[in-house]
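Structure, as structure tokens:
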Amino acid sequence: MRTTDSSRAANSEQAREEDRELLRRYHKAGDTTAREELIERHLPLVRSLARRYAGRGEALEDIEQVGAIGLIKAIDRFELEREVSLATYATPNVVGEIKRHFRDKGWAIRVPRALQELNASMSGAIERLTGRLGRSPSIAEIAEELKTSPEEVLEAMEVGSAYSTVSLSAGPSGEEELDPLETIGDEDTGFERSEDRAALEPALERLAPREREILRMRFEEGLPQTQIAHRVGLSQMHVSRLIRKSLGIMREELLR
Amino acid sequence: MSERLERIDLEAPLSGDFQAVVRLIIGGIAERVDFAFEEIDDLQLAVERLLAETCAVDTVQLRFEVGERTVRTRVGPLSEQKVSEALENGERPPGELTLRRVLQTVVDSFAVDQSADGDVTVLLEKLKSSP
């Protein structure tokens, strides 16, 4: 047993040295084949970590791909002066990337893949139809566009509402990372206007500026979701989710 | 001659899972009137916020009256005090977002009704926009 343990340790030490050599080649000499080899060597680690998140409404191979992005980031960011092994450094990066993926997608409940895909394609269909028709499309029109039934569209809409209780975006404290979708689009100066105009109640202050601005546009200006979506550079479905989420957060704040 | 309205009654628990069912049913009903995606979302949001802010019981009754271009939704029983607080008259300062303001934005009209035995219900009306 002692022999096995020591041979494992030797193998592990050897692997660590090989990693360091590859990292040196990549970071010092820009050798991208060394980077590819590092990725290949650590994919089993990614697969192992991804398996922990299987069965939560995402295909395992998709989770593995997301985890691989975390691995690549870890390789790219690794500093040679670090005393830790690449595997140790990469693990939180991989797990973080996977968790972020789930948080951003927000699949809090197990949702059939077909419905997830339909939900994902609905956003584009709504945008196309809104542009073509000059108004918000009906469910029947969305169904026709996506070659499915109105019932399935309704179910997919509900899937979109099945977001986790984790905030979709950062609070002003910056404790959570911003929803990447929210960084799309031009900065709107409207929020500054509204902030200058009135002291916002504490419940509103808990929201990120863009969410406050979306609420202001919807409930003060009375703009329809389609126009808000256009202004902030998000899809109409995403605007809808943010409104719902923001009102829920405000309610929680008021009850505290 | 008044419009003939189809009536659908629903009694639902308010635990998290069933709120999704309520939303789905609202979507199905509104789809029959050919509401736009945004109008359905508005009606769902109105009911969701109304329940979140004024309902004090575990089970709620919803009555839908469906016309050619309208869905009327009666929701109750609700807390008299909470309804009064959330829907009271009077302008609020800018930046304050009340249930009243939310409902004014997302439905065409709403009204509070109190029965003889004291039960408070709120009636929401959403009309299909043209065409």
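Numbering starts fresh at 1 for the residues of each chain in the structure tokens, the chains themselves are lettered A, B, ... in the order given, and ligands are numbered from 1 as they appear.
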For Glu11 in chain B, work out the shell of residues within 8 Å, counting only C-alpha atoms and skipping chain neighbours fewer than 5 positions away, then give it as a PyMOL selection string. chain B and resi 59-62
Could you give me, as a ChimeraX atom specification, each residue of range 72-145 of chain A that DSSP assigns to alpha helix (DSSP H) when run on this structure's backbone? /A:72-77,86-105,113-133,139-145
Could you pull out all residues of chain B with a DSSP call of strand (DSSP E or B) and give them as a PDB file with C-alpha atoms, in the first residue's frame?
ATOM      1  CA  GLU B   6     -67.403  32.291 -21.174  1.00  0.00           C
ATOM      2  CA  ARG B   7     -66.675  31.635 -17.509  1.00  0.00           C
ATOM      3  CA  ILE B   8     -63.837  29.608 -16.038  1.00  0.00           C
ATOM      4  CA  ASP B   9     -63.466  29.108 -12.300  1.00  0.00           C
ATOM      5  CA  LEU B  10     -60.251  28.019 -10.684  1.00  0.00           C
ATOM      6  CA  GLU B  11     -59.324  27.401  -7.088  1.00  0.00           C
ATOM      7  CA  ALA B  12     -55.585  27.054  -6.610  1.00  0.00           C
ATOM      8  CA  PRO B  13     -53.108  26.753  -3.780  1.00  0.00           C
ATOM      9  CA  ALA B  36     -50.449  39.390 -28.014  1.00  0.00           C
ATOM     10  CA  THR B  59     -55.736  29.112  -1.528  1.00  0.00           C
ATOM     11  CA  VAL B  60     -57.149  31.605  -3.961  1.00  0.00           C
ATOM     12  CA  GLN B  61     -60.128  31.600  -6.253  1.00  0.00           C
ATOM     13  CA  LEU B  62     -59.865  33.009  -9.719  1.00  0.00           C
ATOM     14  CA  ARG B  63     -62.803  33.560 -12.016  1.00  0.00           C
ATOM     15  CA  PHE B  64     -62.090  34.327 -15.654  1.00  0.00           C
ATOM     16  CA  GLU B  65     -64.757  35.791 -17.893  1.00  0.00           C
ATOM     17  CA  VAL B  66     -63.685  35.606 -21.469  1.00  0.00           C
ATOM     18  CA  THR B  70     -61.533  40.851 -23.256  1.00  0.00           C
ATOM     19  CA  VAL B  71     -60.497  38.806 -20.258  1.00  0.00           C
ATOM     20  CA  ARG B  72     -61.913  39.780 -16.895  1.00  0.00           C
ATOM     21  CA  THR B  73     -60.227  38.179 -13.931  1.00  0.00           C
ATOM     22  CA  ARG B  74     -61.720  38.204 -10.461  1.00  0.00           C
ATOM     23  CA  VAL B  75     -59.249  37.316  -7.720  1.00  0.00           C
ATOM     24  CA  GLY B  76     -60.054  36.670  -4.080  1.00  0.00           C
ATOM     25  CA  PRO B  77     -60.373  36.446  -1.197  1.00  0.00           C
ATOM     26  CA  LEU B  78     -57.762  39.093  -0.531  1.00  0.00           C
ATOM     27  CA  SER B 109     -59.058  48.705 -15.518  1.00  0.00           C
ATOM     28  CA  PHE B 110     -59.306  47.296 -12.040  1.00  0.00           C
ATOM     29  CA  ALA B 111     -61.810  47.538  -9.227  1.00  0.00           C
ATOM     30  CA  VAL B 112     -62.138  46.403  -5.641  1.00  0.00           C
ATOM     31  CA  ASP B 113     -65.269  44.580  -4.624  1.00  0.00           C
ATOM     32  CA  GLN B 114     -66.366  43.710  -1.114  1.00  0.00           C
ATOM     33  CA  VAL B 120     -62.539  41.362  -0.746  1.00  0.00           C
ATOM     34  CA  THR B 121     -61.963  40.567  -4.393  1.00  0.00           C
ATOM     35  CA  VAL B 122     -60.203  42.538  -7.095  1.00  0.00           C
ATOM     36  CA  LEU B 123     -61.476  42.585 -10.654  1.00  0.00           C
ATOM     37  CA  LEU B 124     -58.928  43.066 -13.411  1.00  0.00           C
ATOM     38  CA  GLU B 125     -59.920  43.741 -16.976  1.00  0.00           C
ATOM     39  CA  LYS B 126     -57.589  43.370 -19.908  1.00  0.00           C
ATOM     40  CA  LEU B 127     -58.697  44.233 -23.424  1.00  0.00           C
TER      41      LEU B 127
END
Which neighbours of range 65-76 of chain A fall inside 10 Å, counting only C-alpha atoms, when residues of the same chain fewer than 6 positions from it are skipped, and could you give them as a short mmCIF file (atom, residue, chain, number, x, y, z; two decimals) with N, CA and C atoms, in the first residue's frame?
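Full text of out12.cif as output:
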data_model
loop_
_atom_site.label_atom_id
_atom_site.label_comp_id
_atom_site.auth_asym_id
_atom_site.auth_seq_id
_atom_site.Cartn_x
_atom_site.Cartn_y
_atom_site.Cartn_z
N LEU A 23 3.07 25.03 -19.11
CA LEU A 23 2.64 26.40 -18.81
C LEU A 23 3.75 27.40 -19.14
N TYR A 26 3.90 27.85 -22.85
CA TYR A 26 2.78 28.66 -23.34
C TYR A 26 2.94 30.13 -22.95
N HIS A 27 3.21 30.36 -21.68
CA HIS A 27 3.23 31.75 -21.21
C HIS A 27 4.50 32.49 -21.60
N ARG A 35 -0.52 24.87 -24.86
CA ARG A 35 -1.84 25.22 -24.29
C ARG A 35 -2.85 24.12 -24.61
N GLU A 36 -2.84 23.70 -25.89
CA GLU A 36 -3.79 22.64 -26.29
C GLU A 36 -3.54 21.36 -25.50
N LEU A 38 -2.26 21.16 -22.53
CA LEU A 38 -2.75 21.37 -21.15
C LEU A 38 -4.26 21.16 -21.07
N ILE A 39 -4.94 21.69 -22.06
CA ILE A 39 -6.41 21.54 -22.08
C ILE A 39 -6.75 20.05 -22.12
N GLU A 40 -6.08 19.36 -23.03
CA GLU A 40 -6.34 17.92 -23.21
C GLU A 40 -6.07 17.14 -21.92
N HIS A 42 -6.24 18.12 -18.91
CA HIS A 42 -7.12 18.41 -17.77
C HIS A 42 -8.61 18.26 -18.08
N LEU A 43 -8.90 17.80 -19.28
CA LEU A 43 -10.32 17.58 -19.59
C LEU A 43 -10.97 16.52 -18.69
N LEU A 45 -10.53 16.18 -15.59
CA LEU A 45 -10.92 16.93 -14.39
C LEU A 45 -12.23 17.68 -14.65
N VAL A 46 -12.32 18.30 -15.81
CA VAL A 46 -13.54 19.05 -16.18
C VAL A 46 -14.73 18.10 -16.21
N ARG A 47 -14.52 16.93 -16.82
CA ARG A 47 -15.63 15.95 -16.93
C ARG A 47 -16.08 15.52 -15.54
N SER A 48 -15.11 15.30 -14.70
CA SER A 48 -15.43 14.85 -13.34
C SER A 48 -16.23 15.92 -12.59
N LEU A 49 -15.83 17.18 -12.73
CA LEU A 49 -16.55 18.27 -12.04
C LEU A 49 -17.92 18.49 -12.67
N ALA A 50 -17.99 18.35 -14.00
CA ALA A 50 -19.26 18.58 -14.70
C ALA A 50 -20.31 17.56 -14.27
N LEU A 86 -1.72 23.32 -11.39
CA LEU A 86 -2.75 23.83 -12.31
C LEU A 86 -4.11 23.23 -11.94
N ALA A 87 -4.13 21.94 -11.57
CA ALA A 87 -5.41 21.30 -11.24
C ALA A 87 -6.08 22.01 -10.07
N TYR A 89 -5.59 25.09 -9.12
CA TYR A 89 -5.99 26.44 -9.53
C TYR A 89 -7.21 26.40 -10.45
N ALA A 90 -7.25 25.37 -11.30
CA ALA A 90 -8.32 25.32 -12.30
C ALA A 90 -9.68 24.92 -11.70
N THR A 91 -9.64 24.10 -10.64
CA THR A 91 -10.90 23.57 -10.11
C THR A 91 -11.93 24.66 -9.78
N PRO A 92 -11.58 25.67 -8.97
CA PRO A 92 -12.59 26.70 -8.69
C PRO A 92 -13.00 27.49 -9.94
N ASN A 93 -12.07 27.61 -10.89
CA ASN A 93 -12.43 28.30 -12.14
C ASN A 93 -13.47 27.52 -12.93
N VAL A 94 -13.27 26.21 -12.98
CA VAL A 94 -14.21 25.36 -13.73
C VAL A 94 -15.58 25.36 -13.04
N VAL A 95 -15.54 25.14 -11.73
CA VAL A 95 -16.81 25.11 -10.97
C VAL A 95 -17.51 26.46 -11.06
N GLY A 96 -16.73 27.52 -10.97
CA GLY A 96 -17.31 28.88 -11.05
C GLY A 96 -17.97 29.11 -12.39
N GLU A 97 -17.33 28.65 -13.45
CA GLU A 97 -17.89 28.84 -14.78
C GLU A 97 -19.20 28.06 -14.93
N ILE A 98 -19.20 26.84 -14.38
CA ILE A 98 -20.43 26.02 -14.47
C ILE A 98 -21.55 26.67 -13.66
N LYS A 99 -21.21 27.12 -12.45
CA LYS A 99 -22.24 27.74 -11.61
C LYS A 99 -22.79 29.01 -12.26
N ARG A 100 -21.88 29.78 -12.85
CA ARG A 100 -22.30 31.01 -13.51
C ARG A 100 -23.25 30.69 -14.66
N HIS A 101 -22.91 29.62 -15.37
CA HIS A 101 -23.75 29.21 -16.50
C HIS A 101 -25.16 28.90 -16.01
N PHE A 102 -25.26 28.13 -14.92
CA PHE A 102 -26.58 27.78 -14.39
C PHE A 102 -27.29 29.04 -13.88
#
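The closest residue to Glu127 in chain A, picked from B:Leu5, B:Ile25, B:Ala30, B:Phe37 and counting only C-alpha atoms, is B:Phe37.
For the pair CA of Val47 in chain B and CA of Ile26 in chain B, the separation is 9.0 Å.
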Can you work out the spacing between CA of Glu68 in chain B and CA of Arg32 in chain B in Å, to one decimal? 8.9 Å
